[in-house]
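Report on the following structure.
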Amino acid sequence: MKVALVTGSSRGIGAATAKMLAKAGYKVAVNYKSNDAAAEDVVKCIIGFGGEAKSFRADISSPEEVGQMFADIANAFGEVDVLVNNAGISHIGLLQDMSDEEILSLTQVNLLGAIYCSKEAIKPMIAKKEGVIINISSMWGEVGASCEVVYSACKAGLIGFTKALAKEVGPSGIRVNCVSPGVINTDMNRELNDEAIDALCQETPLLRIGTPEDVARTVAFLASDEADFVTGQIFSVNGGII
Ligand code: NAP
């Protein structure tokens with residue numbers, strides 16, 4: 001049974017992805033930072049439908065905690081075969097109003113976290129000559145968002161990271177791809193009121209915002225052997241909004 005690690009899978013897109021990969025037959029490591037109860041709910045749900053899962057608390061912005069998490073997963077489940085770099089945080093506000101700490105923490109979680117996790121994941125993948133990494137970027141990484149400048153820069157960075165790492169580890173049999181969601185109905189957008197959601201739906205050719213499952217299905221495809229010849233690519237899941 002292959003092992004999948006989904007960072008930030010206690011809620012939202014990560015939780016839907018963890019459940020979908022478990023249904024596809026992976027043992028799933030559910031990573032989270034602070035919400036123990038939400039992570040346990042995801043694990044219980046997976047075990048409830050006959051899947052295998054365990055929660056692993058680690059702050060992905062800390063290389064030490066990331067290293068410990070990979071060691072713990074290897075002990076519990078075996079080495080990670082599929083890494084989904086999903087954990088992320090948003091910050092809305094003008095760049096000029098952001099503190100240095102806010103800029104650093106946003107970058108550490110949204111960009112460096114994926115890099116730290118990928119660095120740990122590829123060591124055994126290179127030895128096995130097999131593995132899959134999927135980075136969750138954002139449409140703002142493709143087109144840029146005012147008032148989300150650092151977030152956009154990190155998400156654009158993930159796109160560059162995907163393309164470069166795919167070239168570096170492709171000869172070792174590792175595929176690296178990126179999914180770039182549009183507006184998805186999760187806690188990250190909870191401050192949007194009904195009026196703002198309606199306006200976004202009207203702007204979207206498919207006339208709705210996305211669900212976590214919309215994104216999870218694309219991740220599950222990229223993780224699977226169906227995507228055997230796909231690497232270094234960016235898949236936009238956004239209803240056509242950009
Ligand atoms: P969400 O509902 O806010 O969930 C975020 C998840 O990340 C939670 O599981 C959270 O854990 C975890 N997390 C946050 N910081 C972490 C850290 N330092 N270490 C480990 N885990 C951490 O987010 P979402 O909307 O599902 O977004 C998932 C990904 O999709 C993010 O990368 C986001 O940027 C991207 N995205 C989202 C949208 C959207 O519209 N929602 C659009 C484009 C891209 P806790 O529960 O413990 O806090």
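FYI, nothing fancy with the structure tokens labels: chains A, B, ... in order, residues from 1 per chain, ligands from 1 as they appear.
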
Could you produce a table of the residues of chain A lying within 6 Å of ligand 1, with the nearest pair of atoms per residue and their separation in Å rounded to one decimal, using only C-alpha atoms and all ligand atoms, ordered by chain and increasing residue number, as a Markdown table?
```
| residue | atom | partner | partner_atom_place_in_ligand_line | distance |
| --- | --- | --- | --- | --- |
| A:Thr7 | CA | ligand 1 | 21 (N) | 5.8 |
| A:Gly8 | CA | ligand 1 | 9 (O) | 3.4 |
| A:Ser9 | CA | ligand 1 | 9 (O) | 4.4 |
| A:Ser10 | CA | ligand 1 | 9 (O) | 3.9 |
| A:Arg11 | CA | ligand 1 | 9 (O) | 4.5 |
| A:Gly12 | CA | ligand 1 | 26 (O) | 3.4 |
| A:Ile13 | CA | ligand 1 | 26 (O) | 3.8 |
| A:Gly14 | CA | ligand 1 | 26 (O) | 5.6 |
| A:Tyr32 | CA | ligand 1 | 21 (N) | 4.0 |
| A:Lys33 | CA | ligand 1 | 47 (O) | 3.7 |
| A:Ser34 | CA | ligand 1 | 47 (O) | 3.5 |
| A:Asn35 | CA | ligand 1 | 47 (O) | 3.8 |
| A:Ala58 | CA | ligand 1 | 20 (C) | 5.7 |
| A:Asp59 | CA | ligand 1 | 19 (N) | 3.6 |
| A:Ile60 | CA | ligand 1 | 19 (N) | 4.1 |
| A:Ser61 | CA | ligand 1 | 18 (N) | 5.2 |
| A:Asn86 | CA | ligand 1 | 32 (O) | 4.6 |
| A:Ala87 | CA | ligand 1 | 7 (O) | 3.8 |
| A:Gly88 | CA | ligand 1 | 32 (O) | 3.6 |
| A:Ile89 | CA | ligand 1 | 14 (C) | 5.6 |
| A:Val109 | CA | ligand 1 | 18 (N) | 5.1 |
| A:Ile136 | CA | ligand 1 | 32 (O) | 5.5 |
| A:Ser137 | CA | ligand 1 | 44 (C) | 5.5 |
| A:Ser138 | CA | ligand 1 | 43 (C) | 3.9 |
| A:Pro181 | CA | ligand 1 | 43 (C) | 4.3 |
| A:Gly182 | CA | ligand 1 | 42 (C) | 5.0 |
| A:Val183 | CA | ligand 1 | 40 (O) | 3.7 |
| A:Ile184 | CA | ligand 1 | 40 (O) | 3.7 |
| A:Asn185 | CA | ligand 1 | 41 (N) | 5.8 |
| A:Thr186 | CA | ligand 1 | 25 (O) | 4.7 |
| A:Asp187 | CA | ligand 1 | 2 (O) | 4.4 |
| A:Met188 | CA | ligand 1 | 3 (O) | 4.1 |
| A:Asn189 | CA | ligand 1 | 41 (N) | 5.9 |
```

Shell around Val150 of chain A at 12 Å using only C-alpha atoms, local window under 3 positions removed, as number ranges by chain: A: 89-100, 102-111, 140-141, 144-147, 153-157

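Taking atom CA of Gly160 of chain A as the reference point, atom CA of Ser118 of chain A is found at 13.9 Å.
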
Every residue of segment 86-217 of chain A that DSSP places in strand (DSSP E), as a PyMOL selection string: chain A and resi 131-136+174-181

Can you write just those residues out, N, CA and C atoms, as an mmCIF file, in the first residue's frame?
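The result, stored in part_28.cif:
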```cif
data_model
loop_
_atom_site.group_PDB
_atom_site.id
_atom_site.type_symbol
_atom_site.label_atom_id
_atom_site.label_comp_id
_atom_site.auth_asym_id
_atom_site.auth_seq_id
_atom_site.Cartn_x
_atom_site.Cartn_y
_atom_site.Cartn_z
ATOM 1 N N GLY A 131 8.219 8.340 -7.357
ATOM 2 C CA GLY A 131 7.574 9.242 -6.401
ATOM 3 C C GLY A 131 6.804 10.336 -7.118
ATOM 4 N N VAL A 132 5.907 10.961 -6.372
ATOM 5 C CA VAL A 132 5.068 12.024 -6.942
ATOM 6 C C VAL A 132 4.995 13.172 -5.945
ATOM 7 N N ILE A 133 5.177 14.385 -6.452
ATOM 8 C CA ILE A 133 4.985 15.585 -5.634
ATOM 9 C C ILE A 133 3.976 16.476 -6.349
ATOM 10 N N ILE A 134 3.005 16.969 -5.583
ATOM 11 C CA ILE A 134 2.002 17.875 -6.156
ATOM 12 C C ILE A 134 1.945 19.121 -5.270
ATOM 13 N N ASN A 135 2.196 20.267 -5.867
ATOM 14 C CA ASN A 135 2.193 21.533 -5.134
ATOM 15 C C ASN A 135 0.878 22.261 -5.391
ATOM 16 N N ILE A 136 0.279 22.785 -4.316
ATOM 17 C CA ILE A 136 -0.958 23.549 -4.486
ATOM 18 C C ILE A 136 -0.609 25.037 -4.514
ATOM 19 N N ILE A 174 10.796 10.687 -10.582
ATOM 20 C CA ILE A 174 9.859 11.433 -9.720
ATOM 21 C C ILE A 174 9.131 12.478 -10.551
ATOM 22 N N ARG A 175 7.808 12.480 -10.455
ATOM 23 C CA ARG A 175 7.013 13.484 -11.173
ATOM 24 C C ARG A 175 6.622 14.605 -10.213
ATOM 25 N N VAL A 176 6.707 15.853 -10.704
ATOM 26 C CA VAL A 176 6.354 17.017 -9.876
ATOM 27 C C VAL A 176 5.394 17.892 -10.675
ATOM 28 N N ASN A 177 4.197 18.075 -10.142
ATOM 29 C CA ASN A 177 3.209 18.912 -10.829
ATOM 30 C C ASN A 177 2.581 19.893 -9.849
ATOM 31 N N CYS A 178 1.791 20.784 -10.395
ATOM 32 C CA CYS A 178 1.204 21.850 -9.589
ATOM 33 C C CYS A 178 -0.274 21.989 -9.938
ATOM 34 N N VAL A 179 -1.098 22.175 -8.919
ATOM 35 C CA VAL A 179 -2.521 22.470 -9.141
ATOM 36 C C VAL A 179 -2.754 23.904 -8.660
ATOM 37 N N SER A 180 -3.403 24.675 -9.495
ATOM 38 C CA SER A 180 -3.608 26.092 -9.205
ATOM 39 C C SER A 180 -5.113 26.386 -9.097
ATOM 40 N N PRO A 181 -5.638 26.356 -7.863
ATOM 41 C CA PRO A 181 -7.087 26.544 -7.715
ATOM 42 C C PRO A 181 -7.501 28.007 -7.876
#
```

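Between atom CA of Asp228 of chain A and atom CA of Glu130 of chain A the separation is 10.8 Å.
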
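Distance-wise, atom CA of Ala164 of chain A and atom CA of Lys2 of chain A end up 25.3 Å apart.
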
For Asp198 of chain A, work out the shell of residues within 9 Å, counting only C-alpha atoms and skipping chain neighbours fewer than 4 positions away, then give it as a short mmCIF file (atom, residue, chain, number, x, y, z; two decimals) with N, CA, C and O atoms, in the first residue's frame.
```cif
data_model
loop_
_atom_site.label_atom_id
_atom_site.label_comp_id
_atom_site.auth_asym_id
_atom_site.auth_seq_id
_atom_site.Cartn_x
_atom_site.Cartn_y
_atom_site.Cartn_z
N ASN A 193 -18.41 37.80 2.17
CA ASN A 193 -19.86 37.72 2.44
C ASN A 193 -20.60 37.19 1.20
O ASN A 193 -20.00 36.99 0.14
N ASP A 194 -21.92 36.97 1.35
CA ASP A 194 -22.71 36.38 0.26
C ASP A 194 -22.63 37.21 -1.01
O ASP A 194 -22.57 36.67 -2.12
N GLN A 202 -20.56 35.24 -10.64
CA GLN A 202 -20.93 35.89 -11.90
C GLN A 202 -19.71 36.09 -12.80
O GLN A 202 -19.82 36.05 -14.03
N GLU A 203 -18.54 36.31 -12.19
CA GLU A 203 -17.31 36.53 -12.96
C GLU A 203 -16.76 35.23 -13.55
O GLU A 203 -15.84 35.24 -14.36
N LEU A 207 -19.97 29.82 -13.52
CA LEU A 207 -21.00 30.43 -12.66
C LEU A 207 -21.06 29.88 -11.23
O LEU A 207 -22.12 29.90 -10.59
N ARG A 208 -19.95 29.39 -10.74
CA ARG A 208 -19.92 28.95 -9.33
C ARG A 208 -18.49 29.03 -8.83
O ARG A 208 -17.54 29.10 -9.64
N ILE A 209 -18.33 29.03 -7.50
CA ILE A 209 -16.99 28.87 -6.96
C ILE A 209 -16.72 27.36 -6.83
O ILE A 209 -17.65 26.55 -6.96
#
```
